[in-house]
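K.L.:
Supplied in structure tokens, the structure appears directly below.
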2 protein chains.
Amino acid sequence: METVTEIISAEALLAHWQGHRTLTRRVIEAFPEKELFEFSIGGMRPFSKIVMELLGIAGPGLKEIVSGQSSPLNESFDNITTKAQLLEKWDEENAVVNEYFPQITPERFHETFNLFGMYEAPVIYSIQYFIDNEIHHRGQGYVYLRALGVEPPPFWER
Amino acid sequence: METVTEIISAEALLAHWQGHRTLTRRVIEAFPEKELFEFSIGGMRPFSKIVMELLGIAGPGLKEIVSGQSSPLNESFDNITTKAQLLEKWDEENAVVNEYFPQITPERFHETFNLFGMYEAPVIYSIQYFIDNEIHHRGQGYVYLRALGVEPPPFWER
């Protein structure tokens, strides 16, 4: 049941996020291989590690929200050591997002859930956090690329 | 009229954005005075100029959406030369956001509008852009702060 008062539907929110995920994938691709795993500024993580944080959150987080079963957050993917592997994992998790997001019922978005056994919040807040956190960290990747003399993909192209 | 299927209400979206705006204000405050206007990485703009882009978009954009009258985008604020002035302008535009956002009717969110006479899109897309663009650029400010040896405010504190 939908009414005209709904400003963002679940479908629209997923499409919006997927636009962002496409852009994040392009930013990963834009990195030179070595710098993706080694370059950093001001003691921050290399972009590969930042992407691993995103990989640990989106798909696993949605699975928890749908199943109602919390597990600890895992952001380490020691088996990923190349850009190709990172992109492959990105695509795998993308499929998870597309499979699980539509299983969240409208009512579930407003229920409180203890994400990763640590973050107690309404489901919609957690999902907005997933998206915002990806935008935030990808923006940092833009600075890394500029510092490396690489032109990043346009922000508005999704 | 609201139904249980609405995952994000207009009020919730404004509250979400205001959380982000509070954090962006804290990031501006965290910059040392001189570096706010001069420091940059990889040929990018100093953070003050980035903030001026945000100032040129949010309040003026909402006024256009409510009035239906487009004007050219203005991102230059030559009279702002200190952090105190930048924060003062931020607070002024914050009041504009709080005044105009609630005037957008549910139907208006789905109407197409030619923002700044340049960006033809449904109003909800433009507003999501305002928020995402702020998160994106603020993420860049985090890298500047880290490069300057300044601890940024936590991303999750709004």
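Letters A, B, ... go to the chains of the structure tokens in the order shown; residues in each chain start at 1; ligands are counted from 1 in the same order.
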Residues of chain B no more than 10 Å from chain A, counting only C-alpha atoms: send them over as a ChimeraX atom specification.
P.N.:
/B:1-10,12-13,16,20,40-44,105-110,123-125,128-129,131-150,155-156
K.L.:
Residues of chain A classed as alpha helix (DSSP H) by DSSP on the backbone are to be reported as a ChimeraX atom specification.
P.N.:
/A:10-30,33-38,47-67,83-100,123-147
K.L.:
Hey, can you check how far atom CA of A:Lys63 sits from atom CA of A:Asn98?
P.N.:
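Distance between the two atoms: 11.1 Å.
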K.L.:
Could you give me, as an mmCIF file with N, CA and C atoms, in the first residue's frame, each residue of stretch 9-143 of chain B that DSSP assigns to strand (DSSP E or B) when run on this structure's backbone?
P.N.:
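File produced: result.cif:
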data_model
loop_
_atom_site.group_PDB
_atom_site.id
_atom_site.type_symbol
_atom_site.label_atom_id
_atom_site.label_comp_id
_atom_site.auth_asym_id
_atom_site.auth_seq_id
_atom_site.Cartn_x
_atom_site.Cartn_y
_atom_site.Cartn_z
ATOM 1 N N THR B 112 8.983 17.537 -11.079
ATOM 2 C CA THR B 112 10.270 17.857 -11.688
ATOM 3 C C THR B 112 10.476 19.370 -11.645
ATOM 4 N N PHE B 113 11.673 19.777 -11.293
ATOM 5 C CA PHE B 113 11.983 21.213 -11.214
ATOM 6 C C PHE B 113 13.396 21.431 -11.760
ATOM 7 N N ASN B 114 13.568 22.539 -12.467
ATOM 8 C CA ASN B 114 14.860 22.857 -13.073
ATOM 9 C C ASN B 114 15.711 23.689 -12.108
ATOM 10 N N LEU B 115 16.347 23.003 -11.174
ATOM 11 C CA LEU B 115 17.091 23.667 -10.098
ATOM 12 C C LEU B 115 18.234 24.529 -10.643
ATOM 13 N N TYR B 119 19.589 22.014 -13.416
ATOM 14 C CA TYR B 119 19.485 20.605 -13.045
ATOM 15 C C TYR B 119 18.016 20.193 -12.985
ATOM 16 N N GLU B 120 17.549 19.611 -14.060
ATOM 17 C CA GLU B 120 16.152 19.192 -14.185
ATOM 18 C C GLU B 120 15.992 17.819 -13.518
ATOM 19 N N ALA B 121 15.237 17.757 -12.448
ATOM 20 C CA ALA B 121 15.090 16.484 -11.717
ATOM 21 C C ALA B 121 13.899 16.568 -10.773
ATOM 22 N N PRO B 122 13.366 15.401 -10.371
ATOM 23 C CA PRO B 122 12.353 15.422 -9.312
ATOM 24 C C PRO B 122 12.943 16.083 -8.065
#
K.L.:
Could you tell me how far atom CA of B:Glu29 sits from atom CA of B:Pro154, in Å to one decimal place?
P.N.:
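Here the two named atoms are 13.5 Å from each other.
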K.L.:
Any idea what the distance is between atom CA of B:Lys89 and atom CA of B:Gly117?
P.N.:
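Atom CA of B:Gly117 lies at a distance of 23.8 Å from atom CA of B:Lys89.
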K.L.:
Find the residues around B:Leu36 up to 7 Å (only C-alpha atoms counted), leave out those fewer than 4 positions away in its own chain, and share them as a list of chain:residue names.
P.N.:
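Close residues of B:Leu36: B:Phe31, B:Pro32, B:Pro46, B:Phe47, B:Ser48.
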K.L.:
Store the residues picked out above, limited to N, CA and C atoms, as a CSV table (one decimal), in the first residue's frame.
P.N.:
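Below is the file again-v4.csv, written as the result:
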chain,number,residue,atom,x,y,z
B,31,PHE,N,38.7,23.1,12.0
B,31,PHE,CA,39.9,23.6,11.1
B,31,PHE,C,40.6,24.8,11.8
B,32,PRO,N,41.9,24.8,11.8
B,32,PRO,CA,42.6,26.0,12.2
B,32,PRO,C,42.3,27.1,11.2
B,46,PRO,N,40.4,24.8,-1.0
B,46,PRO,CA,40.4,24.8,0.4
B,46,PRO,C,39.0,24.5,1.0
B,47,PHE,N,39.0,24.0,2.2
B,47,PHE,CA,37.7,23.6,2.8
B,47,PHE,C,36.7,24.8,2.8
B,48,SER,N,37.2,26.0,3.0
B,48,SER,CA,36.2,27.1,3.1
B,48,SER,C,35.5,27.2,1.7
